[in-house]
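Here is the file work.txt (compact mmCIF, C-alpha atoms).
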# COMPACT_ATOMS: atom_id res chain seq x y z
CA MET A 25 2.58 8.54 -8.24
CA LYS A 26 1.57 5.57 -10.38
CA LYS A 27 -0.39 4.12 -7.46
CA THR A 28 -2.33 7.37 -7.05
CA ILE A 29 -3.15 7.47 -10.76
CA ALA A 30 -4.28 3.83 -10.65
CA VAL A 31 -6.51 4.49 -7.63
CA PHE A 32 -8.16 7.49 -9.27
CA ALA A 33 -8.58 5.60 -12.54
CA GLY A 34 -10.26 2.77 -10.63
CA LEU A 35 -12.55 5.20 -8.86
CA ILE A 36 -13.53 6.88 -12.10
CA PHE A 37 -14.18 3.50 -13.71
CA ALA A 38 -16.31 2.42 -10.73
CA LEU A 39 -18.34 5.62 -10.89
CA LEU A 40 -18.90 5.26 -14.64
CA LEU A 41 -19.98 1.67 -14.11
CA LEU A 42 -22.35 2.74 -11.34
CA PHE A 43 -23.86 5.42 -13.57
CA GLN A 44 -24.36 2.93 -16.42
CA VAL A 45 -26.01 0.40 -14.11
CA SER A 46 -28.27 3.10 -12.71
CA LYS A 47 -29.19 4.24 -16.23
CA TYR A 48 -30.28 0.72 -17.23
CA ALA A 49 -32.11 0.25 -13.95
CA ILE A 50 -34.09 3.45 -14.50
CA ILE A 51 -34.92 2.51 -18.11
CA SER A 52 -36.12 -0.93 -17.11
CA GLY A 53 -38.04 0.53 -14.18
CA ASN A 54 -36.77 -2.02 -11.67
CA VAL A 55 -35.12 0.42 -9.28
CA ASN A 56 -36.42 3.61 -7.76
CA ILE A 57 -34.44 6.82 -8.34
CA GLU A 58 -33.95 7.24 -4.58
CA ILE A 59 -32.06 3.96 -4.33
CA ILE A 60 -29.76 4.95 -7.18
CA ILE A 61 -29.05 8.33 -5.61
CA ALA A 62 -28.40 6.63 -2.27
CA ALA A 63 -25.96 4.19 -3.91
CA ILE A 64 -24.10 7.02 -5.61
CA ALA A 65 -23.99 8.96 -2.32
CA ILE A 66 -22.59 5.93 -0.49
CA VAL A 67 -19.88 5.48 -3.12
CA PHE A 68 -18.89 9.12 -2.83
CA LEU A 69 -18.93 8.84 0.99
CA ILE A 70 -16.59 5.86 0.92
CA VAL A 71 -14.28 7.57 -1.56
CA GLY A 72 -14.28 10.73 0.57
CA ILE A 73 -13.45 8.82 3.75
CA TYR A 74 -10.67 6.94 1.98
CA LEU A 75 -9.11 10.08 0.53
CA ASN A 76 -9.46 11.92 3.86
CA LYS A 77 -7.64 9.18 5.75
CA LYS A 78 -4.88 9.07 3.15
CA SER A 79 -4.40 12.83 3.09
CA LEU A 80 -4.47 13.28 6.86
CA GLN A 81 -1.81 10.71 7.59
CA LYS A 82 1.08 12.78 8.82
CA GLU A 83 4.61 11.60 8.72
CA THR A 84 6.21 11.33 12.10
CA VAL A 85 8.57 14.21 12.59
CA ASP A 86 11.77 13.42 14.40
CA THR A 87 12.04 15.57 17.45
CA THR A 88 15.42 17.20 17.29
CA GLU A 89 17.37 17.80 20.42
CA ILE A 90 18.53 21.26 21.31
CA ASP A 91 22.15 21.90 20.42
CA TYR A 92 23.43 23.57 23.60
CA ASN A 93 26.94 23.76 22.18
CA LYS A 94 25.62 25.91 19.35
CA ILE A 95 23.97 28.23 21.89
CA LYS A 96 27.29 28.66 23.67
CA GLU A 97 29.07 29.07 20.34
CA LEU A 98 26.71 31.89 19.37
CA ASP A 99 27.27 33.44 22.81
CA ILE A 100 23.55 33.60 23.57
CA THR A 101 22.96 34.29 27.26
CA SER A 102 20.42 32.34 29.26
CA ARG A 103 18.14 35.40 29.47
CA GLU A 104 18.34 35.93 25.71
CA TYR A 105 17.51 32.28 25.24
CA GLU A 106 14.45 32.67 27.48
CA VAL A 107 13.37 35.64 25.38
CA LEU A 108 13.88 33.59 22.21
CA GLN A 109 11.69 30.82 23.61
CA HIS A 110 8.96 33.34 24.43
CA ILE A 111 9.23 34.81 20.94
CA ALA A 112 8.73 31.29 19.61
CA GLN A 113 5.52 31.09 21.65
CA GLY A 114 4.30 34.18 19.81
CA LEU A 115 4.47 36.64 22.69
CA SER A 116 4.97 40.35 22.14
CA ASN A 117 7.75 42.35 23.83
CA LYS A 118 5.27 43.64 26.40
CA GLU A 119 4.00 40.15 27.21
CA ILE A 120 7.54 38.81 27.50
CA ALA A 121 8.44 41.69 29.82
CA GLU A 122 5.47 40.92 32.06
CA THR A 123 6.30 37.21 32.10
CA LEU A 124 9.98 37.69 32.96
CA PHE A 125 9.38 40.69 35.26
CA LEU A 126 11.59 42.96 33.18
CA SER A 127 11.05 46.29 31.47
CA GLU A 128 9.99 46.37 27.85
CA SER A 129 13.15 48.23 26.87
CA THR A 130 15.27 45.42 28.39
CA ILE A 131 13.35 42.91 26.27
CA LYS A 132 13.93 45.06 23.20
CA THR A 133 17.65 45.04 23.97
CA HIS A 134 17.64 41.24 24.30
CA VAL A 135 15.72 40.92 21.03
CA SER A 136 18.22 43.23 19.29
CA ASN A 137 21.11 41.15 20.61
CA LEU A 138 19.40 37.97 19.41
CA LEU A 139 18.87 39.43 15.96
CA LEU A 140 22.55 40.34 15.75
CA LYS A 141 23.77 36.98 17.03
CA LEU A 142 21.47 35.03 14.73
CA ASN A 143 22.17 37.36 11.80
CA ALA A 144 18.48 38.05 11.29
CA LYS A 145 16.53 41.15 10.39
CA ARG A 146 13.16 40.21 11.87
CA ARG A 147 11.87 38.14 14.75
CA THR A 148 10.37 35.57 12.40
CA GLN A 149 13.66 35.22 10.58
CA ALA A 150 15.44 34.78 13.92
CA LEU A 151 13.06 31.94 14.79
CA GLN A 152 13.70 30.32 11.43
CA VAL A 153 17.46 30.54 11.88
CA ALA A 154 17.18 29.22 15.45
CA LYS A 155 15.22 26.19 14.26
CA GLU A 156 17.71 25.55 11.48
CA LEU A 157 20.53 25.69 14.02
CA GLN A 158 18.50 23.37 16.30
CA ILE A 159 18.60 25.71 19.25
CA LEU A 160 14.82 25.87 19.52

Re-express the file's structure as structure tokens.
Amino acid sequence: MKKTIAVFAGLIFALLLLFQVSKYAIISGNVNIEIIIAAIAIVFLIVGIYLNKKSLQKETVDTTEIDYNKIKELDITSREYEVLQHIAQGLSNKEIAETLFLSESTIKTHVSNLLLKLNAKRRTQALQVAKELQIL
């Protein structure tokens, strides 16, 4: 936090200094206004690139392994697990049924069973619980 504050304070100081230098250059008539505007634009470009690179650096997320023992413990069948994986991909019941060559009512039954076994009320909540339990 202190480093961030110091960086921003330094940037603000540099910009104020640049503005003061440009003000004296304009008064003395030594520098054209276009050069001053270009210098200010370059400073803002460099600051923008720096902040963009700092903000876009993503922390590496540890890939968690699937806990197959937890799947067995929850008594989730292999077909229900397939349905859960398809739900995680964002597919609807109809799309899952077409993918697995089952009827839509069978998929609804599997989804209901999953909701009961994962103690969830909605599909999104079931996905959240599944990720917490590391079965997805």

Problem - Contact residues around Asn93 (chain A) with all atoms listed in the file at 12 Å, ignoring same-chain residues under 6 positions, as number ranges by chain - result: A: 99-100, 157-159

Could you dump the residues just selected with C-alpha atoms as a PDB file, keeping the file's coordinate frame?
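Just written: part-v7.pdb:
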ATOM      1  CA  ASP A  99      27.270  33.440  22.810  1.00  0.00           C
ATOM      2  CA  ILE A 100      23.550  33.600  23.570  1.00  0.00           C
ATOM      3  CA  LEU A 157      20.530  25.690  14.020  1.00  0.00           C
ATOM      4  CA  GLN A 158      18.500  23.370  16.300  1.00  0.00           C
ATOM      5  CA  ILE A 159      18.600  25.710  19.250  1.00  0.00           C
TER       6      ILE A 159
END

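Across the model, the gap from CA of Glu122 (chain A) to CA of Tyr92 (chain A) is 26.4 Å.
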
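Between CA of Leu80 (chain A) and CA of Phe43 (chain A) there is a distance of 29.2 Å.
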
Practice task
Might you pull out every residue within 12 Å of region 32-37 of chain A, with only C-alpha atoms counted and same-chain residues fewer than 3 positions away left off, and present them as an NGL selection string?
Solution key: :A and (25-29 or 40-44 or 67-68 or 70-72 or 74-75)

For region 70-125 of chain A against region 137-145 of chain A, with a cut-off of 9 Å and counting all atoms listed in the file, what is the closest atom pair and its distance in Å to one decimal for every residue that makes the cut, ordered by chain and number, as a Markdown table?
| residue | atom | partner | partner_atom | distance |
| --- | --- | --- | --- | --- |
| A:Leu98 | CA | A:Lys141 | CA | 6.3 |
| A:Asp99 | CA | A:Lys141 | CA | 7.6 |
| A:Ile100 | CA | A:Leu138 | CA | 7.3 |
| A:Glu104 | CA | A:Leu138 | CA | 6.7 |
| A:Tyr105 | CA | A:Leu138 | CA | 8.4 |
| A:Val107 | CA | A:Leu138 | CA | 8.8 |
| A:Leu108 | CA | A:Leu138 | CA | 7.6 |

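In this structure, CA of Ala112 (chain A) sits 9.0 Å away from CA of Arg147 (chain A).
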
Handout entry: Proximity to Arg103 (chain A) - best of A:Thr88, A:His134, A:Asn76, A:Ala121, only C-alpha atoms
Key = A:His134

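Between Leu160 (chain A) and the candidates A:Arg146, A:Lys94, A:Lys47, A:Lys77, the tightest atom-to-atom separation, counting only C-alpha atoms, involves A:Lys94.
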
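Nearest-residue note for Ser116 (chain A): choosing from A:Glu128, A:Glu156, A:Glu58, A:Glu97, the minimum distance belongs to A:Glu128, counting all atoms listed in the file.
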
Grab region 64-84 of chain A from that structure and dump N, CA, C and O atoms to a file, as a PDB file, in the first residue's frame.
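Contents of the output file part_10.pdb:
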ATOM      1  N   ILE A  64       3.571  16.105 -22.614  1.00  0.00           N
ATOM      2  CA  ILE A  64       2.564  15.715 -21.626  1.00  0.00           C
ATOM      3  C   ILE A  64       1.874  14.417 -22.051  1.00  0.00           C
ATOM      4  O   ILE A  64       1.657  13.515 -21.240  1.00  0.00           O
ATOM      5  N   ALA A  65       1.554  14.307 -23.340  1.00  0.00           N
ATOM      6  CA  ALA A  65       0.913  13.091 -23.849  1.00  0.00           C
ATOM      7  C   ALA A  65       1.819  11.880 -23.680  1.00  0.00           C
ATOM      8  O   ALA A  65       1.357  10.790 -23.313  1.00  0.00           O
ATOM      9  N   ILE A  66       3.109  12.049 -23.916  1.00  0.00           N
ATOM     10  CA  ILE A  66       4.050  10.927 -23.762  1.00  0.00           C
ATOM     11  C   ILE A  66       4.132  10.501 -22.299  1.00  0.00           C
ATOM     12  O   ILE A  66       4.161   9.308 -21.996  1.00  0.00           O
ATOM     13  N   VAL A  67       4.150  11.473 -21.397  1.00  0.00           N
ATOM     14  CA  VAL A  67       4.191  11.135 -19.966  1.00  0.00           C
ATOM     15  C   VAL A  67       2.949  10.335 -19.589  1.00  0.00           C
ATOM     16  O   VAL A  67       3.032   9.299 -18.918  1.00  0.00           O
ATOM     17  N   PHE A  68       1.782  10.816 -20.032  1.00  0.00           N
ATOM     18  CA  PHE A  68       0.556  10.096 -19.710  1.00  0.00           C
ATOM     19  C   PHE A  68       0.534   8.716 -20.364  1.00  0.00           C
ATOM     20  O   PHE A  68       0.025   7.756 -19.776  1.00  0.00           O
ATOM     21  N   LEU A  69       1.093   8.584 -21.550  1.00  0.00           N
ATOM     22  CA  LEU A  69       1.165   7.277 -22.220  1.00  0.00           C
ATOM     23  C   LEU A  69       2.025   6.311 -21.410  1.00  0.00           C
ATOM     24  O   LEU A  69       1.630   5.167 -21.171  1.00  0.00           O
ATOM     25  N   ILE A  70       3.164   6.781 -20.964  1.00  0.00           N
ATOM     26  CA  ILE A  70       4.060   5.912 -20.181  1.00  0.00           C
ATOM     27  C   ILE A  70       3.407   5.522 -18.858  1.00  0.00           C
ATOM     28  O   ILE A  70       3.459   4.352 -18.451  1.00  0.00           O
ATOM     29  N   VAL A  71       2.763   6.478 -18.203  1.00  0.00           N
ATOM     30  CA  VAL A  71       2.068   6.170 -16.949  1.00  0.00           C
ATOM     31  C   VAL A  71       0.949   5.169 -17.200  1.00  0.00           C
ATOM     32  O   VAL A  71       0.768   4.213 -16.437  1.00  0.00           O
ATOM     33  N   GLY A  72       0.197   5.350 -18.276  1.00  0.00           N
ATOM     34  CA  GLY A  72      -0.893   4.427 -18.609  1.00  0.00           C
ATOM     35  C   GLY A  72      -0.393   3.018 -18.883  1.00  0.00           C
ATOM     36  O   GLY A  72      -0.972   2.041 -18.414  1.00  0.00           O
ATOM     37  N   ILE A  73       0.689   2.911 -19.624  1.00  0.00           N
ATOM     38  CA  ILE A  73       1.257   1.584 -19.919  1.00  0.00           C
ATOM     39  C   ILE A  73       1.740   0.925 -18.633  1.00  0.00           C
ATOM     40  O   ILE A  73       1.502  -0.265 -18.402  1.00  0.00           O
ATOM     41  N   TYR A  74       2.400   1.696 -17.782  1.00  0.00           N
ATOM     42  CA  TYR A  74       2.892   1.155 -16.518  1.00  0.00           C
ATOM     43  C   TYR A  74       1.747   0.650 -15.649  1.00  0.00           C
ATOM     44  O   TYR A  74       1.781  -0.475 -15.132  1.00  0.00           O
ATOM     45  N   LEU A  75       0.720   1.471 -15.494  1.00  0.00           N
ATOM     46  CA  LEU A  75      -0.416   1.073 -14.655  1.00  0.00           C
ATOM     47  C   LEU A  75      -1.164  -0.106 -15.257  1.00  0.00           C
ATOM     48  O   LEU A  75      -1.644  -0.980 -14.534  1.00  0.00           O
ATOM     49  N   ASN A  76      -1.269  -0.149 -16.575  1.00  0.00           N
ATOM     50  CA  ASN A  76      -1.941  -1.264 -17.247  1.00  0.00           C
ATOM     51  C   ASN A  76      -1.207  -2.574 -16.994  1.00  0.00           C
ATOM     52  O   ASN A  76      -1.818  -3.585 -16.672  1.00  0.00           O
ATOM     53  N   LYS A  77       0.113  -2.542 -17.128  1.00  0.00           N
ATOM     54  CA  LYS A  77       0.891  -3.766 -16.896  1.00  0.00           C
ATOM     55  C   LYS A  77       0.795  -4.221 -15.448  1.00  0.00           C
ATOM     56  O   LYS A  77       0.703  -5.405 -15.163  1.00  0.00           O
ATOM     57  N   LYS A  78       0.792  -3.278 -14.531  1.00  0.00           N
ATOM     58  CA  LYS A  78       0.686  -3.632 -13.113  1.00  0.00           C
ATOM     59  C   LYS A  78      -0.691  -4.196 -12.779  1.00  0.00           C
ATOM     60  O   LYS A  78      -0.813  -5.135 -12.008  1.00  0.00           O
ATOM     61  N   SER A  79      -1.726  -3.628 -13.363  1.00  0.00           N
ATOM     62  CA  SER A  79      -3.076  -4.074 -13.023  1.00  0.00           C
ATOM     63  C   SER A  79      -3.458  -5.372 -13.723  1.00  0.00           C
ATOM     64  O   SER A  79      -4.308  -6.109 -13.244  1.00  0.00           O
ATOM     65  N   LEU A  80      -2.840  -5.672 -14.856  1.00  0.00           N
ATOM     66  CA  LEU A  80      -3.197  -6.878 -15.587  1.00  0.00           C
ATOM     67  C   LEU A  80      -2.384  -8.098 -15.186  1.00  0.00           C
ATOM     68  O   LEU A  80      -2.648  -9.194 -15.663  1.00  0.00           O
ATOM     69  N   GLN A  81      -1.406  -7.910 -14.322  1.00  0.00           N
ATOM     70  CA  GLN A  81      -0.649  -9.064 -13.860  1.00  0.00           C
ATOM     71  C   GLN A  81      -1.544  -9.901 -12.978  1.00  0.00           C
ATOM     72  O   GLN A  81      -2.021  -9.447 -11.941  1.00  0.00           O
ATOM     73  N   LYS A  82      -1.815 -11.110 -13.424  1.00  0.00           N
ATOM     74  CA  LYS A  82      -2.699 -11.990 -12.662  1.00  0.00           C
ATOM     75  C   LYS A  82      -1.857 -12.979 -11.881  1.00  0.00           C
ATOM     76  O   LYS A  82      -0.861 -13.489 -12.361  1.00  0.00           O
ATOM     77  N   GLU A  83      -2.321 -13.210 -10.681  1.00  0.00           N
ATOM     78  CA  GLU A  83      -1.642 -14.193  -9.857  1.00  0.00           C
ATOM     79  C   GLU A  83      -1.929 -15.578 -10.415  1.00  0.00           C
ATOM     80  O   GLU A  83      -3.026 -15.857 -10.878  1.00  0.00           O
ATOM     81  N   THR A  84      -0.933 -16.419 -10.352  1.00  0.00           N
ATOM     82  CA  THR A  84      -1.130 -17.773 -10.846  1.00  0.00           C
ATOM     83  C   THR A  84      -2.041 -18.519  -9.887  1.00  0.00           C
ATOM     84  O   THR A  84      -1.820 -18.529  -8.672  1.00  0.00           O
TER      85      THR A  84
END
